[in-house]
Every structure is written in C-alpha cells, then in structure tokens.
$ cat start-v1.cif   # mmCIF, C-alpha atoms
data_structure
#
loop_
_atom_site.label_atom_id
_atom_site.label_comp_id
_atom_site.auth_asym_id
_atom_site.auth_seq_id
_atom_site.Cartn_x
_atom_site.Cartn_y
_atom_site.Cartn_z
CA SER A 1 12.32 -12.34 24.97
CA HIS A 2 11.34 -9.90 22.17
CA ILE A 3 8.21 -9.03 20.21
CA LEU A 4 8.41 -8.60 16.44
CA PHE A 5 5.82 -6.26 14.94
CA TRP A 6 5.00 -3.93 12.06
CA GLY A 7 4.38 -0.26 12.81
CA THR A 8 5.57 3.33 12.85
CA LYS A 9 6.62 5.94 15.38
CA GLN A 10 5.19 8.78 13.29
CA ARG A 11 1.56 9.78 13.57
CA LEU A 12 -0.30 9.43 10.26
CA ALA A 13 2.76 7.94 8.56
CA THR A 14 2.03 6.26 5.23
CA ARG A 15 4.86 3.72 5.40
CA ALA A 16 5.45 1.41 8.33
CA ALA A 17 8.55 -0.63 9.22
CA TRP A 18 9.56 -3.78 11.11
CA TRP A 19 10.36 -3.30 14.81
CA VAL A 20 11.42 -5.43 17.77
CA ALA A 21 10.87 -4.60 21.43
CA PRO A 22 11.79 -6.48 24.63
CA VAL A 23 8.81 -8.07 26.38
CA ASP A 24 10.07 -6.78 29.75
CA GLY A 25 10.05 -3.19 28.53
CA GLY A 26 12.54 -0.94 26.78
CA PRO A 27 12.89 0.97 23.54
CA ALA A 28 11.81 -0.54 20.23
CA VAL A 29 14.52 -1.07 17.60
CA GLU A 30 13.88 -0.85 13.87
CA VAL A 31 14.79 -3.96 11.87
CA THR A 32 17.15 -3.46 8.91
CA ALA A 33 18.10 -5.63 5.94
CA ALA A 34 21.38 -6.19 4.11
CA GLY A 35 21.89 -6.00 0.36
CA GLU A 36 20.60 -3.81 -2.44
CA SER A 37 17.12 -5.33 -2.23
CA GLY A 38 16.94 -5.18 1.56
CA SER A 39 14.85 -2.02 1.82
CA GLU A 40 12.48 -3.31 -0.88
CA ILE A 41 11.94 -6.54 1.07
CA LEU A 42 10.96 -4.58 4.17
CA GLU A 43 8.60 -2.30 2.19
CA ARG A 44 6.78 -5.19 0.51
CA SER A 45 6.40 -7.45 3.54
CA GLU A 46 4.91 -7.76 7.01
CA ALA A 47 6.91 -9.37 9.80
CA CYS A 48 5.18 -12.32 11.46
CA GLY A 49 7.61 -14.37 13.59
CA TRP A 50 10.83 -16.34 13.93
CA ARG A 51 11.75 -19.90 12.96
CA ASN A 52 15.13 -21.18 14.17
CA ASP A 53 17.70 -18.67 12.82
CA SER A 54 15.30 -17.04 10.36
CA VAL A 55 12.52 -14.48 10.32
CA VAL A 56 9.18 -15.47 8.76
CA PHE A 57 7.08 -12.96 6.87
CA SER A 58 4.55 -12.52 4.09
CA MET A 59 5.73 -10.60 1.03
CA ARG A 60 4.03 -9.31 -2.10
CA HIS A 61 5.51 -9.98 -5.58
CA GLU A 62 5.57 -7.69 -8.59
CA ASN A 63 2.83 -9.89 -10.09
CA ASN A 64 0.77 -9.08 -6.96
CA LEU A 65 0.97 -12.58 -5.45
CA LEU A 66 1.38 -12.68 -1.69
CA ASN A 67 3.28 -15.63 -0.21
CA VAL A 68 5.11 -16.65 2.96
CA TYR A 69 8.92 -16.39 3.10
CA GLU A 70 11.76 -16.79 5.55
CA ALA A 71 15.20 -15.16 5.55
CA PRO A 72 18.40 -15.57 7.64
CA PHE A 73 18.29 -13.19 10.59
CA SER A 74 20.81 -11.73 13.07
CA PHE A 75 19.31 -11.62 16.56
CA THR A 76 22.15 -9.40 17.81
CA ALA A 77 21.94 -6.74 15.08
CA TRP A 78 18.18 -7.20 14.43
CA ARG A 79 18.92 -7.44 10.74
CA ILE A 80 18.00 -9.63 7.77
CA ILE A 81 21.37 -10.95 6.61
CA GLY A 82 20.50 -13.12 3.60
CA ALA A 83 18.20 -13.58 0.63
CA PRO A 84 14.57 -14.61 1.34
CA HIS A 85 13.44 -18.18 0.69
CA ARG A 86 9.86 -18.81 -0.42
CA LEU A 87 7.87 -21.23 1.77
CA THR A 88 4.42 -21.22 0.10
CA PHE A 89 3.58 -21.34 -3.60
CA GLY A 90 -0.17 -20.74 -3.90
CA THR A 91 -1.91 -18.21 -6.15
CA THR A 92 -4.15 -16.71 -3.45
CA LEU A 93 -3.12 -14.15 -0.82
CA GLU A 94 -1.06 -16.26 1.58
CA GLU A 95 -0.39 -14.20 4.68
CA SER A 96 -0.34 -13.93 8.49
CA PRO A 97 1.86 -16.97 9.24
CA SER A 98 2.09 -18.13 12.85
CA VAL A 99 5.13 -20.24 13.78
CA ALA A 100 5.10 -23.04 16.38
CA ALA A 101 8.03 -23.92 18.63
CA ASP A 102 8.93 -26.94 16.46
CA GLY A 103 9.21 -24.76 13.33
CA SER A 104 5.91 -25.72 11.74
CA PHE A 105 3.59 -22.87 10.82
CA VAL A 106 0.07 -22.06 9.73
CA PHE A 107 -1.06 -19.23 7.45
CA SER A 108 -4.21 -17.83 5.91
CA SER A 109 -5.03 -18.29 2.22
CA VAL A 110 -7.39 -15.55 1.08
CA ALA A 111 -9.08 -15.28 -2.32
CA ALA A 112 -9.99 -11.60 -2.71
CA ASN A 113 -10.15 -9.05 -5.50
CA ALA A 114 -10.94 -5.55 -4.26
CA GLY A 115 -11.99 -3.10 -6.96
CA VAL A 116 -13.46 0.37 -7.44
CA TYR A 117 -17.18 0.67 -8.25
CA THR A 118 -19.62 3.44 -9.14
CA VAL A 119 -23.39 3.59 -8.73
CA GLY A 120 -25.75 6.11 -10.27
CA VAL A 121 -27.58 8.33 -7.77
CA ASN A 122 -30.45 10.79 -8.06
CA ALA A 123 -29.19 13.44 -5.66
CA ASP A 124 -32.51 15.30 -5.50
CA ARG A 125 -34.47 12.24 -4.43
CA GLY A 126 -31.69 10.37 -2.65
CA GLU A 127 -32.27 7.26 -4.74
CA VAL A 128 -30.14 4.89 -6.77
CA SER A 129 -30.65 5.62 -10.48
CA ALA A 130 -28.24 3.15 -12.13
CA PRO A 131 -26.85 -0.27 -11.19
CA LEU A 132 -23.54 -0.88 -9.47
CA GLU A 133 -20.70 -0.98 -12.02
CA ARG A 134 -17.12 -2.13 -11.48
CA ARG A 135 -14.63 0.39 -12.86
CA THR A 136 -11.33 -1.47 -12.34
CA SER A 137 -10.74 -4.99 -13.59
CA SER A 138 -7.24 -6.06 -12.54
CA LEU A 139 -6.56 -9.03 -10.27
CA ALA A 140 -4.73 -6.66 -7.92
CA GLU A 141 -6.22 -4.68 -5.06
CA ASP A 142 -7.64 -1.38 -6.40
CA THR A 143 -9.05 0.98 -3.75
CA GLU A 144 -9.47 4.63 -2.68
CA GLY A 145 -11.22 5.80 -5.86
CA THR A 146 -12.25 9.44 -6.46
CA LEU A 147 -14.06 10.90 -9.50
CA SER A 148 -13.78 14.17 -11.38
CA SER A 149 -16.93 16.32 -11.20
CA ASP A 150 -17.93 15.39 -14.78
CA GLY A 151 -17.53 11.67 -14.05
CA ARG A 152 -15.07 11.12 -16.88
CA LYS A 153 -11.91 10.47 -14.86
CA LEU A 154 -11.25 8.18 -11.92
CA THR A 155 -8.10 8.06 -9.81
CA PHE A 156 -7.38 5.16 -7.49
CA GLN A 157 -4.71 3.38 -5.46
CA SER A 158 -3.48 0.06 -6.82
CA LEU A 159 -1.11 -2.76 -5.84
CA ARG A 160 -0.67 -4.03 -9.41
CA SER A 161 3.12 -3.74 -9.24
CA GLY A 162 3.27 -5.14 -5.72
CA GLN A 163 3.66 -1.64 -4.27
CA SER A 164 1.10 1.10 -3.71
CA GLU A 165 0.76 3.30 -6.81
CA ILE A 166 -1.48 6.13 -8.03
CA TRP A 167 -3.44 5.31 -11.18
CA ILE A 168 -5.75 7.30 -13.47
CA SER A 169 -8.59 5.82 -15.51
CA HIS A 170 -10.38 7.54 -18.42
CA LEU A 171 -13.81 5.98 -18.00
CA GLU A 172 -15.11 6.69 -21.51
CA SER A 173 -12.18 5.05 -23.29
CA GLY A 174 -11.22 2.58 -20.55
CA LYS A 175 -7.57 3.69 -20.74
CA GLU A 176 -5.64 3.30 -17.48
CA GLN A 177 -2.21 4.63 -16.55
CA ALA A 178 0.12 4.38 -13.56
CA LEU A 179 1.36 7.82 -12.49
CA ALA A 180 3.52 7.53 -9.36
CA ARG A 181 4.16 5.56 -6.20
CA GLY A 182 1.91 6.71 -3.39
CA ALA A 183 -1.42 6.29 -1.63
CA TYR A 184 -4.80 7.94 -0.95
CA PRO A 185 -5.25 9.92 -4.20
CA ILE A 186 -7.72 12.82 -4.36
CA LEU A 187 -8.69 13.97 -7.87
CA SER A 188 -9.44 17.68 -8.35
CA PRO A 189 -13.01 18.52 -9.45
CA ASP A 190 -11.86 19.45 -12.98
CA GLY A 191 -9.86 16.20 -13.24
CA VAL A 192 -6.56 17.99 -13.92
CA LEU A 193 -4.59 17.40 -10.70
CA ILE A 194 -4.21 14.58 -8.17
CA ALA A 195 -3.15 15.16 -4.57
CA TYR A 196 -1.77 12.13 -2.71
CA THR A 197 0.67 11.01 -0.03
CA HIS A 198 4.06 9.35 -0.43
CA ASP A 199 6.61 8.63 2.29
CA GLY A 200 4.72 10.88 4.69
CA LYS A 201 4.67 13.84 2.28
CA ALA A 202 1.76 15.55 0.51
CA MET A 203 2.34 15.42 -3.25
CA ILE A 204 0.56 16.64 -6.38
CA ILE A 205 0.79 15.37 -9.97
CA PRO A 206 -1.04 16.13 -13.25
CA SER A 207 -3.66 13.48 -14.01
CA GLU A 208 -2.26 13.14 -17.56
CA GLY A 209 1.18 12.27 -16.18
CA GLY A 210 4.40 14.18 -15.66
CA GLY A 211 6.53 15.23 -12.75
CA SER A 212 5.16 15.31 -9.23
CA ARG A 213 5.96 17.98 -6.65
CA GLN A 214 5.84 18.18 -2.88
CA LEU A 215 3.23 20.55 -1.48
CA SER A 216 4.76 21.18 1.94
CA SER A 217 7.69 20.20 4.12
CA ARG A 218 5.18 19.34 6.86
CA HIS A 219 3.54 15.94 7.17
CA LEU A 220 0.15 16.46 5.50
CA ASP A 221 -2.47 13.96 4.34
CA PRO A 222 -4.69 15.48 1.59
CA SER A 223 -8.36 14.57 1.98
CA ASP A 224 -10.48 16.83 -0.29
CA TRP A 225 -10.55 19.77 -2.70
CA SER A 226 -12.86 22.79 -2.47
CA PRO A 227 -15.34 23.02 -5.39
CA ASP A 228 -13.39 25.89 -7.00
CA GLN A 229 -10.05 24.12 -6.33
CA SER A 230 -8.63 27.13 -4.49
CA LEU A 231 -8.24 25.08 -1.29
CA LEU A 232 -6.99 21.59 -0.51
CA MET A 233 -8.06 20.13 2.82
CA ALA A 234 -5.38 18.09 4.57
CA ALA A 235 -4.75 16.53 7.97
CA ASP A 236 -1.60 17.43 9.89
#
$ encode --input "start-v1.cif" --output "structure tokens"
Amino acid sequence: SHILFWGTKQRLATRAAWWVAPVDGGPAVEVTAAGESGSEILERSEACGWRNDSVVFSMRHENNLLNVYEAPFSFTAWRIIGAPHRLTFGTTLEESPSVAADGSFVFSSVAANAGVYTVGVNADRGEVSAPLERRTSSLAEDTEGTLSSDGRKLTFQSLRSGQSEIWISHLESGKEQALARGAYPILSPDGVLIAYTHDGKAMIIPSEGGGSRQLSSRHLDPSDWSPDQSLLMAAD
C-alpha cells in the first residue's frame, strides 16, 4: 500500500532521507529512527524494501564496507524501532537488495574502487603530455578532485570513514588529511581555501585545517573560483 524510497524535498539538497508515500496518492512522510544512533543509520543507508516486520536496507560501515541489513520497523509510526541486524557479510559493496514476498532477497555485489587521477596536458597543443596517474590510493571511494593552480595540492571527497568527508592531499609529500564532513570541494587557485557543501549549506575551510565557517544563510552549492579568488561561483 506504500512505496519506500530515498530522496529529498529540497532542490539541490546534499543530504537525502528515507520517505514513504501511499501508492494511491497522498503526502510523503519522512521515516525516523529511535535511539542515539538512529539518525546515523539513516544517513549511512539507503532504504530498499520491507521483510515481514522489518525494513531492509544497505548501510555503509566506518571501514567503508557496504552490506545489507534489516531492522524492526513500525508501520504505523513509519519509524525504525530497534537495532539493525546484518544480513550479508561480504567484503565487496553489497547493495540494492530486492525482497520477495516469501522474505528471500537478492542484492548486487560490486567490486569497485573509485579514485582521483591526473593526466599531464599540453594546453597550447591540446595534447596529453604525461601518463595517467592515480593520486588517491585508499580502498574507499575518492571522487570530486580539484587542484591548486600550481598543482601541488589536491582536495577531494572521500567515503573513508563511511560518511562523505573533505580531504586535502599534498602531492609532493603524499600527505593526506581529513578536514571536515561535507561534499563537492572546490580548492582555491592558491590552494589556501576550500569551498564545499554540508547539510545544504555553503562552507569554507582552510586547506591546512582549522575551523570552517558558513558562507551564507541561503542554500548555495559552490562550483568554481575566479582566477584572482575575488569571486566564488555558486548555484542557488
């Protein structure tokens, strides 16, 4: 009688939530979770379906494994009411479970390791001048890389902790450092500042670490710096 899905009501939102909606029409209701770890479960997982009196979902661990779980569920309050129970124990990305009427389920097992790469380019001739080189080496998913203008610093988005974080890499030394939770980092041309999004807010943080600050009370998604760093382009 209801559809369970993962989404958001806010345009350009960076964090989605679990929702249920009646198949015959009507307003969607956001799913909640009991307990101190309830909100963390919802943030790290994607809802997939129901099995008896439980909800089935895939959830990422702190060690970046992704497995299938189920948890006791209230179909009157649309709420997770108990601790999750792990159903699969593989070391690949186990996700997208689909549950049959008899309680059996299938899921995908994906072996993937996304990383950030650079390639040398001759801008005058429009030709590749150096081979492709991987710049991140973790087993986690590292994406959304941007370079400083001198090519010495790289910022990227990583799931190494199981949640999306902003990282900085000093390419000459190979030193890497986690800076803050967030997504879609944009490194300033001089490599000093990083603009990014977190919980629907535009944030900025020094690339060497320290406190972050919110740029605006409006929902903005930073996308690029001007060459002189006097302007930051962002989508509203």
$ resolve_selection --input "start-v1.cif" --expression "the PyMOL selection byres ((chain A and resi 98) around 10)" --output "list in words"
Cys48, Gly49, Trp50, Arg51, Val56, Phe57, Glu95, Ser96, Pro97, Val99, Ala100, Gly103, Ser104, Phe105, Val106, Phe107 and Ser108 of chain A
$ resolve_selection --input "start-v1.cif" --expression "the PyMOL selection byres ((chain A and resi 150) around 12)" --output "ChimeraX atom specification"
/A:146-149,151-154,170-172,187-192
$ resolve_selection --input "start-v1.cif" --expression "the PyMOL selection byres ((chain A and resi 236) around 8)" --output "JSON, numbers by chain"
{"A": [218, 219, 220, 221, 234, 235]}
$ atom_distance --input "start-v1.cif" --atom1 "CA of Trp6 in chain A" --atom2 "CA of Ile41 in chain A"
13.3 Å
$ closest_residue --input "start-v1.cif" --among "A:Ile3, A:Leu139, A:Ala130, A:Val31" --to "Trp78 in chain A" --atoms "only C-alpha atoms"
A:Val31
$ atom_distance --input "start-v1.cif" --atom1 "CA of Gly35 in chain A" --atom2 "CA of His61 in chain A"
17.9 Å
$ residues_near_point --input "start-v1.cif" --point "(-6.7, 8.9, -7.5)" --cutoff "6 Å" --atoms "all atoms listed in the file" --output "ChimeraX atom specification"
/A:145-146,155-156,166,185-187
$ atom_distance --input "start-v1.cif" --atom1 "CA of Ala114 in chain A" --atom2 "CA of Ile194 in chain A"
21.6 Å
$ residues_around --input "start-v1.cif" --residues "Leu65 in chain A" --least-positions-apart "5" --cutoff "9 Å" --atoms "only C-alpha atoms" --output "PDB file with C-alpha atoms, in the coordinates of the input"
ATOM      1  CA  MET A  59       5.730 -10.600   1.030  1.00  0.00           C
ATOM      2  CA  ARG A  60       4.030  -9.310  -2.100  1.00  0.00           C
ATOM      3  CA  GLY A  90      -0.170 -20.740  -3.900  1.00  0.00           C
ATOM      4  CA  THR A  91      -1.910 -18.210  -6.150  1.00  0.00           C
ATOM      5  CA  THR A  92      -4.150 -16.710  -3.450  1.00  0.00           C
ATOM      6  CA  LEU A  93      -3.120 -14.150  -0.820  1.00  0.00           C
ATOM      7  CA  GLU A  94      -1.060 -16.260   1.580  1.00  0.00           C
ATOM      8  CA  ALA A 140      -4.730  -6.660  -7.920  1.00  0.00           C
ATOM      9  CA  GLY A 162       3.270  -5.140  -5.720  1.00  0.00           C
TER      10      GLY A 162
END
